[in-house]
Structure formats: C-alpha cells, structure tokens
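Visitor: To be precise about what I am sending: the file is called protein.txt and holds compact mmCIF, C-alpha atoms.
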# COMPACT_ATOMS: atom_id res chain seq x y z
CA MET A 24 0.00 0.00 0.00
CA GLU A 25 0.95 3.64 -0.43
CA LEU A 26 0.34 5.36 2.90
CA ARG A 27 0.04 9.09 3.72
CA LEU A 28 1.16 10.16 7.19
CA ILE A 29 0.59 13.78 8.21
CA HIS A 30 2.79 15.37 10.88
CA PHE A 31 1.53 18.65 12.34
CA TYR A 32 4.00 21.25 13.65
CA PRO A 33 7.16 19.15 14.14
CA ASP A 34 9.25 22.24 14.98
CA LEU A 35 6.80 23.53 17.60
CA MET A 36 5.40 20.33 19.11
CA SER A 37 8.30 17.93 19.55
CA LEU A 38 9.22 17.71 23.23
CA TYR A 39 10.54 14.46 24.74
CA GLY A 40 11.42 12.99 21.37
CA SER A 41 7.80 13.07 20.18
CA ARG A 42 8.81 12.89 16.53
CA GLY A 43 10.06 9.39 17.33
CA ASN A 44 6.41 8.26 17.29
CA ILE A 45 5.94 8.96 13.60
CA ALA A 46 9.47 7.81 12.77
CA VAL A 47 8.93 4.40 14.36
CA LEU A 48 5.50 4.01 12.75
CA ARG A 49 6.94 4.84 9.35
CA ARG A 50 9.72 2.29 9.80
CA TYR A 51 7.21 -0.33 10.98
CA MET A 52 5.00 0.21 7.95
CA GLU A 53 7.90 0.15 5.53
CA ARG A 54 9.11 -3.13 7.02
CA LEU A 55 5.66 -4.52 6.18
CA GLY A 56 6.27 -3.63 2.53
CA ASN A 57 4.36 -0.34 2.30
CA ALA A 58 5.46 2.85 0.57
CA VAL A 59 5.15 5.62 3.15
CA THR A 60 5.04 9.39 2.62
CA VAL A 61 5.20 11.79 5.58
CA GLU A 62 3.68 15.20 4.88
CA VAL A 63 4.90 17.89 7.28
CA VAL A 64 2.56 20.76 8.16
CA PRO A 65 4.26 23.86 9.63
CA LEU A 66 2.40 26.75 11.25
CA GLY A 67 0.42 28.43 8.50
CA GLY A 68 0.92 25.50 6.14
CA GLU A 69 -1.76 23.72 4.18
CA ALA A 70 -2.85 20.09 4.52
CA ASP A 71 -5.41 17.87 2.84
CA LEU A 72 -6.65 15.48 5.51
CA SER A 73 -9.08 13.66 3.23
CA GLY A 74 -7.76 10.19 2.61
CA ALA A 75 -4.96 10.54 5.16
CA ASP A 76 -3.97 7.22 6.71
CA PHE A 77 -2.46 8.69 9.88
CA ILE A 78 -2.45 12.12 11.51
CA PHE A 79 0.04 13.01 14.25
CA MET A 80 0.88 15.86 16.58
CA GLY A 81 3.48 15.60 19.33
CA ALA A 82 4.07 17.19 22.72
CA GLY A 83 4.93 20.82 23.32
CA THR A 84 5.08 23.28 26.18
CA GLU A 85 1.77 24.75 27.30
CA ARG A 86 2.66 27.98 25.48
CA ALA A 87 3.54 26.05 22.33
CA ALA A 88 0.28 24.09 22.51
CA ARG A 89 -1.70 27.32 22.65
CA ALA A 90 0.19 28.65 19.63
CA ALA A 91 -0.44 25.38 17.81
CA MET A 92 -4.15 25.60 18.59
CA GLY A 93 -4.26 29.10 17.13
CA ASP A 94 -3.39 27.57 13.77
CA PHE A 95 -4.90 24.10 14.19
CA ALA A 96 -8.41 25.50 14.71
CA ARG A 97 -8.83 25.88 10.95
CA PHE A 98 -8.38 22.12 10.57
CA GLY A 99 -10.94 21.26 13.25
CA GLU A 100 -13.78 20.19 10.98
CA ALA A 101 -11.41 18.26 8.72
CA VAL A 102 -9.93 16.44 11.72
CA LYS A 103 -13.39 15.45 12.95
CA ALA A 104 -14.40 14.27 9.48
CA ALA A 105 -11.20 12.22 9.16
CA ALA A 106 -11.79 10.64 12.57
CA GLU A 107 -15.36 9.73 11.62
CA ALA A 108 -14.04 8.18 8.41
CA GLY A 109 -11.69 5.95 10.40
CA ALA A 110 -8.34 7.67 9.89
CA ALA A 111 -5.78 6.63 12.49
CA MET A 112 -4.45 9.44 14.67
CA LEU A 113 -2.07 9.93 17.57
CA PHE A 114 -2.01 13.10 19.64
CA ALA A 115 0.82 12.85 22.18
CA GLY A 116 1.57 14.93 25.25
CA THR A 117 -0.12 18.33 25.37
CA ALA A 118 -1.45 17.77 21.84
CA MET A 119 -4.06 15.50 23.45
CA GLU A 120 -5.58 18.52 25.17
CA LEU A 121 -6.29 20.15 21.79
CA LEU A 122 -8.77 17.40 20.87
CA GLY A 123 -11.11 18.40 23.69
CA ALA A 124 -13.54 21.26 24.16
CA SER A 125 -11.30 23.78 25.92
CA VAL A 126 -8.13 24.48 27.87
CA THR A 127 -8.10 26.79 30.88
CA GLU A 128 -4.63 27.99 31.78
CA ALA A 129 -3.25 28.50 35.28
CA ASP A 130 -3.95 32.25 35.16
CA GLY A 131 -7.62 31.61 34.40
CA THR A 132 -7.58 32.44 30.69
CA SER A 133 -9.09 29.84 28.40
CA TYR A 134 -9.28 28.96 24.74
CA ALA A 135 -11.45 26.68 22.65
CA CYS A 136 -10.08 23.47 21.11
CA VAL A 137 -11.30 21.39 18.16
CA GLY A 138 -14.05 19.58 20.10
CA LEU A 139 -13.48 16.09 18.74
CA ALA A 140 -14.38 15.00 22.28
CA GLY A 141 -16.17 16.76 25.13
CA PHE A 142 -13.40 16.68 27.73
CA SER A 143 -11.78 19.83 29.10
CA THR A 144 -8.36 20.64 30.56
CA VAL A 145 -7.51 22.93 33.48
CA HIS A 146 -3.85 23.80 34.08
CA ARG A 147 -2.43 24.04 37.58
CA GLU A 148 0.64 25.83 38.87
CA SER A 149 2.14 22.53 40.02
CA ARG A 150 3.20 19.75 37.65
CA MET A 151 2.83 15.99 37.62
CA ALA A 152 6.20 14.62 36.53
CA GLU A 153 6.48 10.87 37.05
CA ASP A 154 6.62 7.43 35.50
CA VAL A 155 3.33 5.76 34.59
CA TYR A 156 2.32 2.09 34.50
CA GLY A 157 -1.18 1.15 33.38
CA HIS A 158 -3.33 -1.07 31.22
CA THR A 159 -5.46 -0.63 28.14
CA ASP A 160 -8.36 -2.76 26.90
CA LEU A 161 -6.58 -3.14 23.53
CA PHE A 162 -4.09 -5.81 24.68
CA PRO A 163 -3.07 -7.54 27.93
CA GLN A 164 0.46 -6.12 28.28
CA ALA A 165 1.05 -3.07 30.46
CA VAL A 166 1.61 0.37 28.95
CA VAL A 167 4.61 2.31 30.28
CA GLY A 168 5.77 5.88 29.91
CA PHE A 169 6.70 9.15 31.54
CA MET A 170 4.45 12.10 32.23
CA ASN A 171 5.28 15.77 32.78
CA LYS A 172 2.11 17.84 32.70
CA CYS A 173 0.21 20.49 34.60
CA GLY A 174 -3.20 19.81 33.06
CA VAL A 175 -6.07 18.02 34.80
CA ILE A 176 -8.31 16.54 32.11
CA SER A 177 -11.91 15.85 33.05
CA GLY A 178 -14.80 14.41 31.09
CA VAL A 179 -12.99 11.68 29.11
CA GLU A 180 -15.56 8.96 28.50
CA THR A 181 -13.32 6.53 26.61
CA PRO A 182 -9.76 6.57 28.03
CA LEU A 183 -6.84 4.86 26.34
CA LEU A 184 -5.64 3.40 29.65
CA SER A 185 -8.63 2.07 31.54
CA SER A 186 -6.50 1.66 34.66
CA VAL A 187 -3.33 3.31 35.98
CA GLU A 188 -1.66 1.35 38.76
CA PHE A 189 1.37 3.60 39.13
CA GLY A 190 1.55 7.31 38.41
CA ALA A 191 -1.00 9.87 37.28
CA GLY A 192 -3.83 9.65 34.81
CA ASN A 193 -6.11 12.28 33.32
CA GLU A 194 -7.44 13.59 36.63
CA GLY A 195 -4.55 12.70 38.91
CA PRO A 196 -2.93 9.67 40.55
CA GLY A 197 -4.56 6.33 39.83
CA THR A 198 -7.16 7.64 37.37
CA PRO A 199 -7.66 6.43 33.79
CA GLU A 200 -5.39 8.07 31.23
CA GLY A 201 -5.57 9.27 27.65
CA PHE A 202 -8.37 9.12 25.12
CA HIS A 203 -9.34 6.50 22.55
CA TRP A 204 -12.24 6.63 20.10
CA LYS A 205 -12.55 4.79 16.80
CA ASN A 206 -8.94 4.94 15.46
CA VAL A 207 -7.99 8.05 17.46
CA PHE A 208 -5.31 7.52 20.10
CA ALA A 209 -4.28 10.26 22.53
CA SER A 210 -2.11 10.20 25.64
CA GLU A 211 -0.01 12.56 27.74
CA LEU A 212 2.58 9.78 28.15
CA THR A 213 5.84 10.68 26.53
CA GLY A 214 9.03 8.85 25.90
CA PRO A 215 7.89 8.60 22.99
CA ILE A 216 4.96 6.31 23.71
CA LEU A 217 5.05 4.21 20.51
CA VAL A 218 8.79 3.61 20.83
CA LYS A 219 8.44 2.52 24.46
CA ASN A 220 5.39 0.29 23.86
CA PRO A 221 5.72 -2.13 20.91
CA LYS A 222 2.19 -3.49 21.43
CA LEU A 223 0.71 0.00 21.22
CA LEU A 224 2.70 0.59 18.03
CA GLU A 225 1.20 -2.61 16.67
CA ALA A 226 -2.30 -1.44 17.67
CA VAL A 227 -1.84 1.88 15.87
CA ALA A 228 -0.47 0.10 12.80
CA ALA A 229 -3.51 -2.21 12.87
CA ALA A 230 -5.73 0.89 12.93
CA VAL A 231 -3.97 2.22 9.82
CA TYR A 232 -4.58 -1.08 8.06
CA ALA A 233 -8.20 -1.16 9.22
CA ARG A 234 -8.69 2.24 7.57
CA ARG A 235 -7.85 0.47 4.31
CA GLY A 236 -10.10 -2.50 5.07
CA ALA A 237 -7.17 -4.81 5.73
CA ALA A 238 -5.60 -6.65 8.64
CA LEU A 239 -1.97 -6.61 9.70
CA PRO A 240 0.05 -9.37 8.01
CA GLU A 241 0.35 -12.39 10.25
CA GLU A 242 4.08 -12.60 9.58
CA ARG A 243 5.70 -9.54 11.15
CA ALA A 244 9.35 -9.16 12.07
CA ALA A 245 9.86 -8.24 15.72
CA ASP A 246 12.21 -5.46 16.81
CA PRO A 247 14.39 -7.10 19.51
CA TRP A 248 15.79 -3.75 20.69
CA ALA A 249 12.32 -2.31 21.25
CA GLU A 250 11.10 -5.48 22.93
CA ARG A 251 14.13 -5.55 25.24
CA GLY A 252 13.76 -1.89 26.14
CA TYR A 253 10.10 -2.37 26.96
CA ALA A 254 10.81 -5.45 29.08
CA VAL A 255 13.39 -3.60 31.19
CA THR A 256 11.09 -0.62 31.80
CA GLU A 257 8.03 -2.76 32.50
CA GLU A 258 9.91 -4.94 34.98
CA GLU A 259 11.33 -1.96 36.87
CA LEU A 260 7.97 -0.17 37.14
CA ARG A 261 6.23 -3.38 38.18
CA ARG A 262 8.88 -3.86 40.88
CA ARG A 263 8.31 -0.32 42.14
CA LEU A 264 4.56 -0.90 42.11
CA ALA A 265 4.96 -3.97 44.31
CA GLN A 266 7.00 -2.12 46.95
Give the structure from this file in structure tokens form.

Guide:
Amino acid sequence: MELRLIHFYPDLMSLYGSRGNIAVLRRYMERLGNAVTVEVVPLGGEADLSGADFIFMGAGTERAARAAMGDFARFGEAVKAAAEAGAAMLFAGTAMELLGASVTEADGTSYACVGLAGFSTVHRESRMAEDVYGHTDLFPQAVVGFMNKCGVISGVETPLLSSVEFGAGNEGPGTPEGFHWKNVFASELTGPILVKNPKLLEAVAAAVYARRGAALPEERAADPWAERGYAVTEEELRRRLAQ
C-alpha cells in the first residue's frame, strides 16, 4: 500500500522525542512492505486530511500548545471528518488537550479546542512529573511511559488506559489516562509512547490497516531492541509498584 502520514507542527510540538512516534510508525509500515510518505505541516501551512492514513501531533510546552491551537483550529472540521471516516491518529503529550472542548490555563484564561471529544483541561501551577504504568483494553500487556504535565483533564468517556496502577492519569494519581475513540489515540505519556510500547505501536499500525479494510500481516518481524527496552522498563515499574 501507499500510505500518507501527516505530521503537524514538528518544529513547535516535539518535546521528549515526540517525533520518534511517527518515525517508528513509518519504519514499521515500511518493514511490512508499504510505501510511506510523511507530509509535514508547519504553522500556516496547508494540509489535505481527506484520505490521510495517519495524523500526528506531538508534545509541546503549554505555550507552544496554545500557539499550535491558534493555527490548528482551521483544521478542526477536517480532523473530525477524518476521525469519523476511520483515519488513524495519535495526539501525544499536550497535543491530546487540543482534541477536547477547551483548555483553561493556570492564570484563568481559556481557549477553545477542536471539540473532537467533550473533555476539558484545566492547568495548575504545580506539575505531575512521574513514571506511569497502566493497562489498556486493547491488549493484555502493560503500557509504560513518563508524564510531565500540569493539566487536569476531566470528562474523558473513553480513556486509552482504563486503569493506571502507578503514576497519574487524566485527573490525577490512579485515574484512567488518555483518550481513545474509533482509530484516534491520545495520551499525555511521553518517551515517545510508541517507541516505548511495541504493542501499542502494533495497535496503531492495525488501525492504519483497518482504515484500508485490511488486517496486519500475520508474519511480522519483531524489533528485539524495542522489545528488550520495553521489558526492562516494565519490569522496573512493576517492581516499584509492588513495593
């Protein structure tokens, strides 16, 4: 297949190695025999989201996220239409907040977001910076990552992580984390999340294939480095959880 991946604002929204998410997905898809094109959208740039196989935006500072939203608003209806049509998406870090209804900053000012979902974010003066260990309903293996955020996200009806055993979720310690609807994946976990979690990478890849009415090939080469890195992190966080 010939796949179109769209990367919004890589220069503005790329904290914590976020661009690694789209890099590892591209490599994964190419290893499956696909021809992959990544279209980069800078601030003020144009993008045709119709027919896109994957849409991505990474993490940025709170100030950067607000600047991104100032431009991203014009794509709001196209993003919602693409999500309804089954396009796969990943919004990582603070980019997740832009999918909701609004963000209220620590000084009380607020701005509207694209409204793909009804949740809202309120920033605090203090930050939640910690490792996270949780589980999703998509597969049995744990999801691991790191979080550094000041936003409390309320009103998520369909979280990506249905349980968080260690660290903070959307509304604080031990609460569900992220957002998942149709083929839309969003999480404040960084690291980047698809590099640190091979099974989540596989789930996102499966969503891209599903958009084309296909299933992932049964024969898929594993990445031993990624698997080993995940195993080390998962074991350490599980050990800390048991203490």

Visitor: Record the distance separating CA of Lys219 in chain A and CA of Arg235 in chain A, expressed in Å with one decimal.

Guide: 26.0 Å

Visitor: What are the closest atom pairs, with distances in Å to one decimal, for each residue of range 44-110 of chain A lying within 12 Å of range 241-261 of chain A, using only C-alpha atoms, rows by chain and rising residue number, as a Markdown table?

Guide:
| residue | atom | partner | partner_atom | distance |
| --- | --- | --- | --- | --- |
| A:Val47 | CA | A:Ala249 | CA | 10.2 |
| A:Arg50 | CA | A:Asp246 | CA | 10.7 |
| A:Tyr51 | CA | A:Ala244 | CA | 9.2 |
| A:Met52 | CA | A:Arg243 | CA | 10.3 |
| A:Glu53 | CA | A:Arg243 | CA | 11.4 |
| A:Arg54 | CA | A:Ala244 | CA | 7.9 |
| A:Leu55 | CA | A:Arg243 | CA | 7.1 |
| A:Gly56 | CA | A:Arg243 | CA | 10.5 |

Visitor: Measuring atom to atom with all atoms listed in the file, identify which of A:Ala191, A:Ala104, A:Leu223, A:Ala124 is nearest to Asp71 in chain A.

Guide: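 Under the stated criterion, the closest residue is A:Ala104.
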
Visitor: Of the residues A:Glu225, A:Thr60, A:Val166, A:Asn220, which is the one nearest to Glu200 in chain A, using all atoms listed in the file?

Guide: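 So, comparing all the options, the nearest one is A:Val166.
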
Visitor: So, with only C-alpha atoms as the atoms that count, which of A:Asp94, A:Arg86, A:Gly109, A:Thr159 lies closest to Val126 in chain A?

Guide: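 Checking each candidate against Val126 in chain A, we get A:Arg86 as the closest.
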
Visitor: Counting only C-alpha atoms, figure out which residue out of A:Glu128, A:Glu120, A:Asp160, A:Glu211 gets nearest to Met92 in chain A.

Guide: A:Glu120

Visitor: Which one is closest to Ser177 in chain A: A:Arg27, A:His146, A:Arg42, A:Arg262? Count only C-alpha atoms.

Guide: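 Checking each of A:Arg27, A:His146, A:Arg42, A:Arg262 against Ser177 in chain A, counting only C-alpha atoms, the winner is A:His146.
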
Visitor: (-8.7, 29.4, 30.1) in this file's frame - what residues fall within 12 Å of it? Use only C-alpha atoms and give the answer as a list in words.

Guide: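 It turns out the residues near that spot are Glu85, Arg89, Ala124, Ser125, Val126, Thr127, Glu128, Ala129, Asp130, Gly131, Thr132, Ser133, Tyr134, Ala135, Cys136, Ser143, Thr144, Val145, His146, Arg147 and Gly174 of chain A.
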
Visitor: Excluding Gly190 in chain A and residues on its chain fewer than 5 positions from it, collect all residues at most 8 Å away from it, counting all atoms listed in the file, and give them as a JSON list (two decimals) with C-alpha atoms, in the frame of the given file.

Guide:
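And here's part_16.json as it stands now:
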[["chain", "number", "residue", "atom", "x", "y", "z"],
["A", 153, "GLU", "CA", 6.48, 10.87, 37.05],
["A", 154, "ASP", "CA", 6.62, 7.43, 35.50],
["A", 155, "VAL", "CA", 3.33, 5.76, 34.59],
["A", 156, "TYR", "CA", 2.32, 2.09, 34.50],
["A", 196, "PRO", "CA", -2.93, 9.67, 40.55],
["A", 197, "GLY", "CA", -4.56, 6.33, 39.83]]

Visitor: Pick from A:Ala209, A:Leu139, A:Leu72, A:Leu264: nearest to Ala110 in chain A, with all atoms listed in the file counted?

Guide: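 Closest candidate: A:Leu72.
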
Visitor: Would you kindly return, as a ChimeraX atom specification, each protein, DNA or RNA residue with an atom no farther than 12 Å from any atom of Ala226 in chain A, considering only C-alpha atoms and excluding same-chain residues fewer than 2 positions away?

Guide: /A:48,51,111-113,159-164,183,203,206-208,217,220-224,228-233,238-239
